[in-house]
$ cat input.cif   # mmCIF, C-alpha atoms, pLDDT in the B column; chains and numbers go by the auth columns
data_structure
loop_
_atom_site.group_PDB
_atom_site.id
_atom_site.type_symbol
_atom_site.label_atom_id
_atom_site.label_comp_id
_atom_site.label_asym_id
_atom_site.label_seq_id
_atom_site.Cartn_x
_atom_site.Cartn_y
_atom_site.Cartn_z
_atom_site.B_iso_or_equiv
_atom_site.auth_seq_id
_atom_site.auth_asym_id
ATOM 1 C CA ASP A 1 17.805 17.002 -17.608 62.00 46 A
ATOM 2 C CA GLY A 2 14.369 18.279 -16.664 69.00 47 A
ATOM 3 C CA GLY A 3 11.685 15.770 -15.872 92.00 48 A
ATOM 4 C CA ILE A 4 9.512 13.946 -13.399 95.00 49 A
ATOM 5 C CA THR A 5 10.763 11.144 -11.215 95.00 50 A
ATOM 6 C CA GLN A 6 8.664 8.626 -9.348 96.00 51 A
ATOM 7 C CA SER A 7 9.981 6.176 -6.858 90.00 52 A
ATOM 8 C CA PRO A 8 10.032 3.344 -6.383 90.00 53 A
ATOM 9 C CA LYS A 9 9.146 1.707 -9.706 92.00 54 A
ATOM 10 C CA TYR A 10 7.669 -1.329 -7.969 94.00 55 A
ATOM 11 C CA LEU A 11 6.184 -1.346 -4.481 93.00 56 A
ATOM 12 C CA PHE A 12 4.746 -4.192 -2.464 93.00 57 A
ATOM 13 C CA ARG A 13 2.753 -3.741 0.723 90.00 58 A
ATOM 14 C CA LYS A 14 0.648 -5.844 3.007 90.00 59 A
ATOM 15 C CA GLU A 15 -3.060 -5.229 3.196 89.00 60 A
ATOM 16 C CA GLY A 16 -3.967 -2.633 5.835 88.00 61 A
ATOM 17 C CA GLN A 17 -0.717 -0.676 5.599 91.00 62 A
ATOM 18 C CA ASN A 18 -0.466 2.888 4.435 93.00 63 A
ATOM 19 C CA VAL A 19 2.089 3.553 1.706 94.00 64 A
ATOM 20 C CA THR A 20 3.477 6.788 0.250 95.00 65 A
ATOM 21 C CA LEU A 21 4.454 7.179 -3.390 96.00 66 A
ATOM 22 C CA SER A 22 7.010 9.806 -4.281 96.00 67 A
ATOM 23 C CA CYS A 23 6.788 12.294 -7.152 97.00 68 A
ATOM 24 C CA GLU A 24 9.396 14.977 -7.828 97.00 69 A
ATOM 25 C CA GLN A 25 9.661 17.395 -10.753 97.00 70 A
ATOM 26 C CA ASN A 26 12.351 19.891 -11.755 96.00 71 A
ATOM 27 C CA LEU A 27 10.383 21.472 -14.605 93.00 72 A
ATOM 28 C CA ASN A 28 9.330 24.444 -12.463 92.00 73 A
ATOM 29 C CA HIS A 29 5.687 23.542 -13.079 91.00 74 A
ATOM 30 C CA ASP A 30 3.035 24.930 -10.784 90.00 75 A
ATOM 31 C CA ALA A 31 0.472 22.171 -11.270 91.00 76 A
ATOM 32 C CA MET A 32 0.866 18.511 -10.373 94.00 77 A
ATOM 33 C CA TYR A 33 -1.477 15.549 -10.702 95.00 78 A
ATOM 34 C CA TRP A 34 -1.902 11.943 -9.619 96.00 79 A
ATOM 35 C CA TYR A 35 -3.630 9.372 -11.805 96.00 80 A
ATOM 36 C CA ARG A 36 -4.478 5.741 -11.315 96.00 81 A
ATOM 37 C CA GLN A 37 -4.392 3.262 -14.193 93.00 82 A
ATOM 38 C CA ASP A 38 -6.019 -0.164 -14.092 91.00 83 A
ATOM 39 C CA PRO A 39 -5.652 -2.833 -16.797 83.00 84 A
ATOM 40 C CA GLY A 40 -7.719 -2.074 -19.873 76.00 85 A
ATOM 41 C CA GLN A 41 -8.865 1.271 -18.520 79.00 86 A
ATOM 42 C CA GLY A 42 -7.955 4.858 -19.081 83.00 87 A
ATOM 43 C CA LEU A 43 -6.363 7.032 -16.444 90.00 88 A
ATOM 44 C CA ARG A 44 -8.477 8.336 -13.609 92.00 89 A
ATOM 45 C CA LEU A 45 -7.579 11.476 -11.682 93.00 90 A
ATOM 46 C CA ILE A 46 -7.016 11.044 -7.938 96.00 91 A
ATOM 47 C CA TYR A 47 -5.835 14.490 -6.786 96.00 92 A
ATOM 48 C CA TYR A 48 -4.345 17.583 -8.336 93.00 93 A
ATOM 49 C CA SER A 49 -2.597 20.679 -7.075 93.00 94 A
ATOM 50 C CA GLN A 50 -2.394 24.096 -8.706 89.00 95 A
ATOM 51 C CA ILE A 51 0.047 25.719 -6.296 89.00 96 A
ATOM 52 C CA VAL A 52 1.979 24.960 -3.137 93.00 97 A
ATOM 53 C CA ASN A 53 -0.152 24.215 -0.072 94.00 98 A
ATOM 54 C CA ASP A 54 -3.269 23.774 -2.184 92.00 99 A
ATOM 55 C CA PHE A 55 -4.826 20.646 -3.700 94.00 100 A
ATOM 56 C CA GLN A 56 -8.200 19.404 -4.906 92.00 101 A
ATOM 57 C CA LYS A 57 -9.873 16.029 -5.123 94.00 102 A
ATOM 58 C CA GLY A 58 -10.177 14.386 -8.479 92.00 103 A
ATOM 59 C CA ASP A 59 -12.657 11.761 -9.542 89.00 104 A
ATOM 60 C CA ILE A 60 -11.499 8.931 -7.252 94.00 105 A
ATOM 61 C CA ALA A 61 -9.959 10.572 -4.161 96.00 106 A
ATOM 62 C CA GLU A 62 -11.464 8.243 -1.546 96.00 107 A
ATOM 63 C CA GLY A 63 -8.794 6.305 0.302 96.00 108 A
ATOM 64 C CA TYR A 64 -5.969 8.594 -0.824 97.00 109 A
ATOM 65 C CA SER A 65 -4.278 11.676 0.612 97.00 110 A
ATOM 66 C CA VAL A 66 -1.698 14.153 -0.708 98.00 111 A
ATOM 67 C CA SER A 67 0.418 17.081 0.410 97.00 112 A
ATOM 68 C CA ARG A 68 2.097 19.904 -1.491 97.00 113 A
ATOM 69 C CA GLU A 69 4.624 21.520 0.814 97.00 114 A
ATOM 70 C CA LYS A 70 7.124 22.234 -1.947 96.00 115 A
ATOM 71 C CA LYS A 71 6.641 23.158 -5.581 96.00 116 A
ATOM 72 C CA GLU A 72 8.788 20.239 -6.720 97.00 117 A
ATOM 73 C CA SER A 73 7.122 17.517 -4.687 97.00 118 A
ATOM 74 C CA PHE A 74 3.624 15.993 -4.574 98.00 119 A
ATOM 75 C CA PRO A 75 3.614 12.719 -2.598 97.00 120 A
ATOM 76 C CA LEU A 76 0.577 10.451 -2.639 97.00 121 A
ATOM 77 C CA THR A 77 -0.397 8.289 0.333 97.00 122 A
ATOM 78 C CA VAL A 78 -2.506 5.238 -0.315 95.00 123 A
ATOM 79 C CA THR A 79 -4.302 4.562 2.950 93.00 124 A
ATOM 80 C CA SER A 80 -5.782 1.377 4.330 89.00 125 A
ATOM 81 C CA ALA A 81 -9.207 2.827 3.506 87.00 126 A
ATOM 82 C CA GLN A 82 -8.568 2.354 -0.221 88.00 127 A
ATOM 83 C CA LYS A 83 -10.438 -0.850 -0.986 88.00 128 A
ATOM 84 C CA ASN A 84 -8.565 -1.878 -4.100 90.00 129 A
ATOM 85 C CA PRO A 85 -5.147 -0.193 -4.098 93.00 130 A
ATOM 86 C CA THR A 86 -3.283 -2.506 -6.480 94.00 131 A
ATOM 87 C CA ALA A 87 -2.733 -0.420 -9.625 95.00 132 A
ATOM 88 C CA PHE A 88 -0.238 1.578 -11.674 94.00 133 A
ATOM 89 C CA TYR A 89 0.090 5.141 -10.376 96.00 134 A
ATOM 90 C CA LEU A 90 1.187 7.992 -12.593 95.00 135 A
ATOM 91 C CA CYS A 91 2.254 11.474 -11.570 96.00 136 A
ATOM 92 C CA ALA A 92 2.179 14.413 -13.970 95.00 137 A
ATOM 93 C CA SER A 93 2.856 18.139 -14.000 93.00 138 A
ATOM 94 C CA SER A 94 2.026 21.130 -16.160 89.00 139 A
ATOM 95 C CA ILE A 95 2.370 24.880 -16.416 84.00 140 A
ATOM 96 C CA THR A 96 -0.701 26.960 -15.695 77.00 141 A
ATOM 97 C CA ASN A 97 -0.127 30.174 -17.637 67.00 142 A
ATOM 98 C CA ARG A 98 -3.161 31.351 -19.527 60.00 143 A
ATOM 99 C CA GLY A 99 -2.755 30.957 -23.266 55.00 144 A
ATOM 100 C CA PHE A 100 -0.871 27.695 -23.099 55.00 145 A
ATOM 101 C CA ASN A 101 -2.476 24.388 -23.846 58.00 146 A
ATOM 102 C CA ASN A 102 -1.771 22.787 -20.513 70.00 147 A
ATOM 103 C CA GLU A 103 0.152 19.820 -21.836 81.00 148 A
ATOM 104 C CA GLN A 104 0.915 17.427 -18.999 88.00 149 A
ATOM 105 C CA PHE A 105 4.260 15.720 -18.588 91.00 150 A
ATOM 106 C CA PHE A 106 4.220 12.283 -17.003 93.00 151 A
ATOM 107 C CA GLY A 107 6.578 10.384 -14.771 95.00 152 A
ATOM 108 C CA PRO A 108 7.476 6.712 -15.369 93.00 153 A
ATOM 109 C CA GLY A 109 4.924 5.429 -12.869 94.00 154 A
ATOM 110 C CA THR A 110 4.906 3.267 -9.738 95.00 155 A
ATOM 111 C CA ARG A 111 3.300 -0.154 -9.776 94.00 156 A
ATOM 112 C CA LEU A 112 1.791 -0.847 -6.369 95.00 157 A
ATOM 113 C CA THR A 113 0.850 -4.376 -5.409 94.00 158 A
ATOM 114 C CA VAL A 114 -0.963 -5.029 -2.153 91.00 159 A
ATOM 115 C CA LEU A 115 -0.527 -8.592 -0.935 87.00 160 A
ATOM 116 C CA GLY B 1 -19.707 16.253 -18.439 79.00 26 B
ATOM 117 C CA ASN B 2 -16.658 15.808 -20.595 86.00 27 B
ATOM 118 C CA SER B 3 -15.829 12.438 -22.099 92.00 28 B
ATOM 119 C CA VAL B 4 -13.601 10.776 -24.675 95.00 29 B
ATOM 120 C CA THR B 5 -14.506 7.657 -26.620 95.00 30 B
ATOM 121 C CA GLN B 6 -11.889 5.583 -28.407 94.00 31 B
ATOM 122 C CA MET B 7 -12.225 2.540 -30.580 88.00 32 B
ATOM 123 C CA GLU B 8 -11.689 -0.671 -28.682 84.00 33 B
ATOM 124 C CA GLY B 9 -8.552 -2.624 -29.283 86.00 34 B
ATOM 125 C CA PRO B 10 -6.432 -4.437 -29.736 94.00 35 B
ATOM 126 C CA VAL B 11 -5.628 -3.281 -33.226 96.00 36 B
ATOM 127 C CA THR B 12 -3.311 -5.713 -34.976 97.00 37 B
ATOM 128 C CA LEU B 13 -1.546 -4.609 -38.143 97.00 38 B
ATOM 129 C CA SER B 14 1.265 -5.797 -40.311 97.00 39 B
ATOM 130 C CA GLU B 15 4.314 -3.583 -40.648 97.00 40 B
ATOM 131 C CA GLU B 16 3.863 -0.794 -43.219 96.00 41 B
ATOM 132 C CA ALA B 17 0.061 -0.938 -42.968 97.00 42 B
ATOM 133 C CA PHE B 18 -2.059 2.203 -42.610 97.00 43 B
ATOM 134 C CA LEU B 19 -3.268 3.009 -39.101 97.00 44 B
ATOM 135 C CA THR B 20 -6.412 4.778 -37.960 97.00 45 B
ATOM 136 C CA ILE B 21 -7.492 4.946 -34.327 97.00 46 B
ATOM 137 C CA ASN B 22 -10.821 6.706 -33.898 97.00 47 B
ATOM 138 C CA CYS B 23 -11.441 9.209 -31.132 97.00 48 B
ATOM 139 C CA THR B 24 -14.541 11.293 -30.500 97.00 49 B
ATOM 140 C CA TYR B 25 -15.229 13.622 -27.638 96.00 50 B
ATOM 141 C CA THR B 26 -17.947 15.423 -25.732 95.00 51 B
ATOM 142 C CA ALA B 27 -17.049 18.670 -24.021 91.00 52 B
ATOM 143 C CA THR B 28 -18.630 21.835 -22.698 83.00 53 B
ATOM 144 C CA GLY B 29 -16.587 24.516 -24.357 82.00 54 B
ATOM 145 C CA TYR B 30 -13.575 24.377 -26.653 84.00 55 B
ATOM 146 C CA PRO B 31 -11.108 21.755 -25.488 89.00 56 B
ATOM 147 C CA SER B 32 -7.507 21.159 -26.395 89.00 57 B
ATOM 148 C CA LEU B 33 -7.003 17.627 -27.700 93.00 58 B
ATOM 149 C CA PHE B 34 -4.079 15.272 -27.216 94.00 59 B
ATOM 150 C CA TRP B 35 -2.800 11.863 -28.170 97.00 60 B
ATOM 151 C CA TYR B 36 -0.540 10.205 -25.634 96.00 61 B
ATOM 152 C CA VAL B 37 1.393 6.955 -26.132 96.00 62 B
ATOM 153 C CA GLN B 38 2.352 4.445 -23.458 94.00 63 B
ATOM 154 C CA TYR B 39 5.010 1.818 -24.067 92.00 64 B
ATOM 155 C CA PRO B 40 4.954 -1.313 -21.882 86.00 65 B
ATOM 156 C CA GLY B 41 5.735 -0.599 -18.242 82.00 66 B
ATOM 157 C CA GLU B 42 6.260 3.114 -18.796 86.00 67 B
ATOM 158 C CA GLY B 43 4.488 6.394 -18.209 88.00 68 B
ATOM 159 C CA LEU B 44 2.700 8.363 -20.900 91.00 69 B
ATOM 160 C CA GLN B 45 4.438 10.458 -23.515 93.00 70 B
ATOM 161 C CA LEU B 46 2.764 13.206 -25.473 93.00 71 B
ATOM 162 C CA LEU B 47 2.554 12.195 -29.121 96.00 72 B
ATOM 163 C CA LEU B 48 0.761 15.191 -30.596 96.00 73 B
ATOM 164 C CA LYS B 49 -1.736 17.898 -29.777 93.00 74 B
ATOM 165 C CA ALA B 50 -4.172 20.405 -31.293 93.00 75 B
ATOM 166 C CA THR B 51 -5.605 23.408 -29.527 89.00 76 B
ATOM 167 C CA LYS B 52 -8.318 24.680 -31.874 89.00 77 B
ATOM 168 C CA ALA B 53 -10.622 23.556 -34.644 92.00 78 B
ATOM 169 C CA ASP B 54 -8.956 22.485 -37.912 94.00 79 B
ATOM 170 C CA ASP B 55 -5.518 22.340 -36.295 94.00 80 B
ATOM 171 C CA LYS B 56 -3.471 19.334 -37.336 97.00 81 B
ATOM 172 C CA GLY B 57 -1.069 17.850 -34.824 96.00 82 B
ATOM 173 C CA SER B 58 1.773 15.746 -36.157 97.00 83 B
ATOM 174 C CA ASN B 59 4.811 13.918 -34.817 96.00 84 B
ATOM 175 C CA LYS B 60 6.896 10.889 -35.818 95.00 85 B
ATOM 176 C CA GLY B 61 4.684 10.244 -38.847 97.00 86 B
ATOM 177 C CA PHE B 62 1.468 10.331 -36.810 98.00 87 B
ATOM 178 C CA GLU B 63 -1.216 12.914 -37.550 98.00 88 B
ATOM 179 C CA ALA B 64 -4.573 13.947 -36.123 98.00 89 B
ATOM 180 C CA THR B 65 -6.893 16.781 -37.132 98.00 90 B
ATOM 181 C CA TYR B 66 -9.195 18.573 -34.708 97.00 91 B
ATOM 182 C CA ARG B 67 -12.649 18.319 -36.289 96.00 92 B
ATOM 183 C CA LYS B 68 -15.141 20.432 -34.417 94.00 93 B
ATOM 184 C CA GLU B 69 -18.059 19.570 -36.695 94.00 94 B
ATOM 185 C CA THR B 70 -17.718 15.858 -35.979 96.00 95 B
ATOM 186 C CA THR B 71 -16.142 16.280 -32.498 96.00 96 B
ATOM 187 C CA SER B 72 -13.358 13.939 -33.547 97.00 97 B
ATOM 188 C CA PHE B 73 -9.581 13.672 -33.354 98.00 98 B
ATOM 189 C CA HIS B 74 -8.678 10.469 -35.172 98.00 99 B
ATOM 190 C CA LEU B 75 -5.063 9.318 -35.110 98.00 100 B
ATOM 191 C CA GLU B 76 -3.480 8.215 -38.392 98.00 101 B
ATOM 192 C CA LYS B 77 -0.150 6.956 -39.624 98.00 102 B
ATOM 193 C CA GLY B 78 0.623 5.987 -43.179 97.00 103 B
ATOM 194 C CA SER B 79 3.050 3.156 -42.490 96.00 104 B
ATOM 195 C CA VAL B 80 3.367 1.614 -39.037 97.00 105 B
ATOM 196 C CA GLN B 81 6.470 -0.050 -37.648 97.00 106 B
ATOM 197 C CA VAL B 82 6.912 -2.767 -35.051 96.00 107 B
ATOM 198 C CA SER B 83 8.294 -0.081 -32.725 95.00 108 B
ATOM 199 C CA ASP B 84 4.895 1.667 -32.803 97.00 109 B
ATOM 200 C CA SER B 85 3.377 -1.165 -30.760 96.00 110 B
ATOM 201 C CA ALA B 86 1.992 0.528 -27.649 96.00 111 B
ATOM 202 C CA VAL B 87 -1.213 1.791 -26.070 95.00 112 B
ATOM 203 C CA TYR B 88 -2.555 5.058 -27.443 97.00 113 B
ATOM 204 C CA PHE B 89 -4.720 7.398 -25.370 96.00 114 B
ATOM 205 C CA CYS B 90 -6.852 10.226 -26.665 96.00 115 B
ATOM 206 C CA ALA B 91 -7.466 12.997 -24.129 94.00 116 B
ATOM 207 C CA LEU B 92 -8.939 16.455 -23.765 92.00 117 B
ATOM 208 C CA THR B 93 -8.580 19.369 -21.413 87.00 118 B
ATOM 209 C CA LEU B 94 -10.503 22.597 -20.978 80.00 119 B
ATOM 210 C CA GLY B 95 -7.702 24.377 -19.194 63.00 120 B
ATOM 211 C CA GLY B 96 -6.209 27.819 -19.300 55.00 121 B
ATOM 212 C CA GLY B 97 -4.841 29.690 -16.344 51.00 122 B
ATOM 213 C CA THR B 98 -5.369 26.940 -13.818 59.00 123 B
ATOM 214 C CA ALA B 99 -4.453 23.328 -13.398 60.00 124 B
ATOM 215 C CA SER B 100 -6.283 21.476 -16.097 69.00 125 B
ATOM 216 C CA LYS B 101 -7.653 18.035 -15.622 79.00 126 B
ATOM 217 C CA LEU B 102 -7.167 15.674 -18.508 87.00 127 B
ATOM 218 C CA THR B 103 -10.083 13.474 -19.468 89.00 128 B
ATOM 219 C CA PHE B 104 -8.798 10.278 -21.059 92.00 129 B
ATOM 220 C CA GLY B 105 -10.273 7.663 -23.296 93.00 130 B
ATOM 221 C CA THR B 106 -9.799 4.041 -22.281 93.00 131 B
ATOM 222 C CA GLY B 107 -6.829 3.556 -24.587 94.00 132 B
ATOM 223 C CA THR B 108 -6.309 1.488 -27.735 95.00 133 B
ATOM 224 C CA ARG B 109 -3.615 -1.160 -27.843 95.00 134 B
ATOM 225 C CA LEU B 110 -1.750 -1.362 -31.153 97.00 135 B
ATOM 226 C CA GLN B 111 0.203 -4.484 -32.029 97.00 136 B
ATOM 227 C CA VAL B 112 2.337 -4.355 -35.163 97.00 137 B
ATOM 228 C CA THR B 113 3.754 -7.594 -36.531 96.00 138 B
ATOM 229 C CA LEU B 114 6.398 -8.334 -39.146 93.00 139 B
#
$ encode --input "input.cif" --output "structure tokens"
Amino acid sequence: DGGITQSPKYLFRKEGQNVTLSCEQNLNHDAMYWYRQDPGQGLRLIYYSQIVNDFQKGDIAEGYSVSREKKESFPLTVTSAQKNPTAFYLCASSITNRGFNNEQFFGPGTRLTVL
Amino acid sequence: GNSVTQMEGPVTLSEEAFLTINCTYTATGYPSLFWYVQYPGEGLQLLLKATKADDKGSNKGFEATYRKETTSFHLEKGSVQVSDSAVYFCALTLGGGTASKLTFGTGTRLQVTL
């Protein structure tokens, strides 16, 4: 089955620690995205990547870092510089061919709680 | 900049009632429009989409029509079920050929009761 996997589903960390969230896709999509969701709010874009070894900041990139060494993988690191890291994190992917409507497919999410 | 405005929730309906969730947008250019649904504790699933003016997206009894003149994409369903209880997000993208950022509304929670 094709899809996007995120692990773990729940993650707990102590304040001041860096933590890396995993995102893997087997849809052969070029583009991948990370969003943050807070209660009662829409999704906000953290980082996105159009191709391997390339990525761009989204609207709220401060305190986060990413890498894109493989097409299938786009891990997100939440650093100690992120002031309020407790949130639900969603990874997504999409094709990038011109003429398509760029529908994004989402993973199940990781809920990060910083204690 | 681009933005999406949704009606505030929660929306509480009885089963078999008619549903409308309003969505309006502001965009530079001609966006594609989407409705995504999120069930408790899960990621988002695409519910329906429309890529140009007057297109109607439909899925699972839900419908939305891309109205360029009113910059709207209201979600409707004729008869809701308890299983439709979820959060619904309206979104737009101006993509094509590159990674396309989705701009989301804040979401509308729907609660359907027996």
$ resolve_selection --input "input.cif" --expression "the PyMOL selection byres ((chain B) within 10 of (chain A))" --output "PyMOL selection string"
chain B and resi 29+33-34+56-59+61+63+66-71+73-77+112-134
$ write_last_selection --input "input.cif" --atoms "C-alpha atoms" --output "mmCIF file, keeping the file's coordinate frame"
data_model
loop_
_atom_site.group_PDB
_atom_site.id
_atom_site.type_symbol
_atom_site.label_atom_id
_atom_site.label_comp_id
_atom_site.auth_asym_id
_atom_site.auth_seq_id
_atom_site.Cartn_x
_atom_site.Cartn_y
_atom_site.Cartn_z
ATOM 1 C CA VAL B 29 -13.601 10.776 -24.675
ATOM 2 C CA GLU B 33 -11.689 -0.671 -28.682
ATOM 3 C CA GLY B 34 -8.552 -2.624 -29.283
ATOM 4 C CA PRO B 56 -11.108 21.755 -25.488
ATOM 5 C CA SER B 57 -7.507 21.159 -26.395
ATOM 6 C CA LEU B 58 -7.003 17.627 -27.700
ATOM 7 C CA PHE B 59 -4.079 15.272 -27.216
ATOM 8 C CA TYR B 61 -0.540 10.205 -25.634
ATOM 9 C CA GLN B 63 2.352 4.445 -23.458
ATOM 10 C CA GLY B 66 5.735 -0.599 -18.242
ATOM 11 C CA GLU B 67 6.260 3.114 -18.796
ATOM 12 C CA GLY B 68 4.488 6.394 -18.209
ATOM 13 C CA LEU B 69 2.700 8.363 -20.900
ATOM 14 C CA GLN B 70 4.438 10.458 -23.515
ATOM 15 C CA LEU B 71 2.764 13.206 -25.473
ATOM 16 C CA LEU B 73 0.761 15.191 -30.596
ATOM 17 C CA LYS B 74 -1.736 17.898 -29.777
ATOM 18 C CA ALA B 75 -4.172 20.405 -31.293
ATOM 19 C CA THR B 76 -5.605 23.408 -29.527
ATOM 20 C CA LYS B 77 -8.318 24.680 -31.874
ATOM 21 C CA VAL B 112 -1.213 1.791 -26.070
ATOM 22 C CA TYR B 113 -2.555 5.058 -27.443
ATOM 23 C CA PHE B 114 -4.720 7.398 -25.370
ATOM 24 C CA CYS B 115 -6.852 10.226 -26.665
ATOM 25 C CA ALA B 116 -7.466 12.997 -24.129
ATOM 26 C CA LEU B 117 -8.939 16.455 -23.765
ATOM 27 C CA THR B 118 -8.580 19.369 -21.413
ATOM 28 C CA LEU B 119 -10.503 22.597 -20.978
ATOM 29 C CA GLY B 120 -7.702 24.377 -19.194
ATOM 30 C CA GLY B 121 -6.209 27.819 -19.300
ATOM 31 C CA GLY B 122 -4.841 29.690 -16.344
ATOM 32 C CA THR B 123 -5.369 26.940 -13.818
ATOM 33 C CA ALA B 124 -4.453 23.328 -13.398
ATOM 34 C CA SER B 125 -6.283 21.476 -16.097
ATOM 35 C CA LYS B 126 -7.653 18.035 -15.622
ATOM 36 C CA LEU B 127 -7.167 15.674 -18.508
ATOM 37 C CA THR B 128 -10.083 13.474 -19.468
ATOM 38 C CA PHE B 129 -8.798 10.278 -21.059
ATOM 39 C CA GLY B 130 -10.273 7.663 -23.296
ATOM 40 C CA THR B 131 -9.799 4.041 -22.281
ATOM 41 C CA GLY B 132 -6.829 3.556 -24.587
ATOM 42 C CA THR B 133 -6.309 1.488 -27.735
ATOM 43 C CA ARG B 134 -3.615 -1.160 -27.843
#
$ residues_around --input "input.cif" --residues "stretch 66-69 of chain A" --least-positions-apart "5" --cutoff "7 Å" --atoms "only C-alpha atoms" --output "PyMOL selection string"
chain A and resi 49-52+117-122+136
$ resolve_selection --input "input.cif" --expression "the PyMOL selection byres ((chain B and resi 28) around 7)" --output "ChimeraX atom specification"
/B:26-27,29-30,50-52,128
$ axis_aligned_box --input "input.cif" --around "stretch 27-34 of chain B" --padding-each-side "8 Å" --output "JSON"
{"center_x": -12.6, "center_y": 6.6, "center_z": -25.6, "size_x": 24.1, "size_y": 34.4, "size_z": 26.0}
$ residues_around --input "input.cif" --residues "B:Val36" --least-positions-apart "2" --cutoff "12 Å" --atoms "all atoms listed in the file" --output "count of residues only"
25
$ resolve_selection --input "input.cif" --expression "the PyMOL selection byres ((chain B and resi 97) around 6)" --output "PyMOL selection string"
chain B and resi 48-49+92+95-96+98
$ residues_near_point --input "input.cif" --point "(-12.4, 23.5, -42.5)" --cutoff "12 Å" --atoms "all atoms listed in the file" --output "MDAnalysis selection string"
chainID B and resid 77:81 90:95
$ atom_distance --input "input.cif" --atom1 "atom CA of A:Gln101" --atom2 "atom CA of A:Glu114"
14.2 Å
$ atom_distance --input "input.cif" --atom1 "atom CA of A:Gly108" --atom2 "atom CA of A:Val123"
6.4 Å
$ atom_distance --input "input.cif" --atom1 "atom CA of A:Ser112" --atom2 "atom CA of A:Val97"
8.8 Å
$ decode --input "input.cif" --residues "stretch 115-120 of chain B" --atoms "all heavy atoms" --output "short mmCIF file (atom, residue, chain, number, x, y, z; two decimals), in the first residue's frame"
data_model
loop_
_atom_site.label_atom_id
_atom_site.label_comp_id
_atom_site.auth_asym_id
_atom_site.auth_seq_id
_atom_site.Cartn_x
_atom_site.Cartn_y
_atom_site.Cartn_z
N CYS B 115 -10.85 24.08 4.98
CA CYS B 115 -10.83 24.61 3.62
C CYS B 115 -9.41 25.08 3.33
O CYS B 115 -8.73 25.62 4.22
CB CYS B 115 -11.81 25.77 3.52
SG CYS B 115 -12.04 26.45 1.88
N ALA B 116 -8.93 24.87 2.11
CA ALA B 116 -7.55 25.24 1.80
C ALA B 116 -7.43 25.62 0.33
O ALA B 116 -8.24 25.22 -0.50
CB ALA B 116 -6.60 24.08 2.12
N LEU B 117 -6.39 26.37 0.03
CA LEU B 117 -6.11 26.73 -1.36
C LEU B 117 -4.63 26.56 -1.66
O LEU B 117 -3.79 26.60 -0.76
CB LEU B 117 -6.56 28.16 -1.67
CG LEU B 117 -5.84 29.34 -1.02
CD1 LEU B 117 -4.54 29.72 -1.77
CD2 LEU B 117 -6.76 30.56 -1.02
N THR B 118 -4.33 26.38 -2.93
CA THR B 118 -2.96 26.38 -3.38
C THR B 118 -2.89 27.05 -4.75
O THR B 118 -3.83 26.97 -5.53
CB THR B 118 -2.37 24.96 -3.44
OG1 THR B 118 -0.99 25.05 -3.79
CG2 THR B 118 -3.07 24.11 -4.47
N LEU B 119 -1.75 27.68 -5.00
CA LEU B 119 -1.53 28.32 -6.29
C LEU B 119 -0.42 27.60 -7.02
O LEU B 119 0.40 28.21 -7.68
CB LEU B 119 -1.18 29.80 -6.10
CG LEU B 119 -2.38 30.66 -5.75
CD1 LEU B 119 -1.95 31.97 -5.12
CD2 LEU B 119 -3.20 30.95 -7.00
N GLY B 120 -0.38 26.30 -6.90
CA GLY B 120 0.74 25.53 -7.42
C GLY B 120 0.63 25.20 -8.89
O GLY B 120 -0.32 25.57 -9.55
#
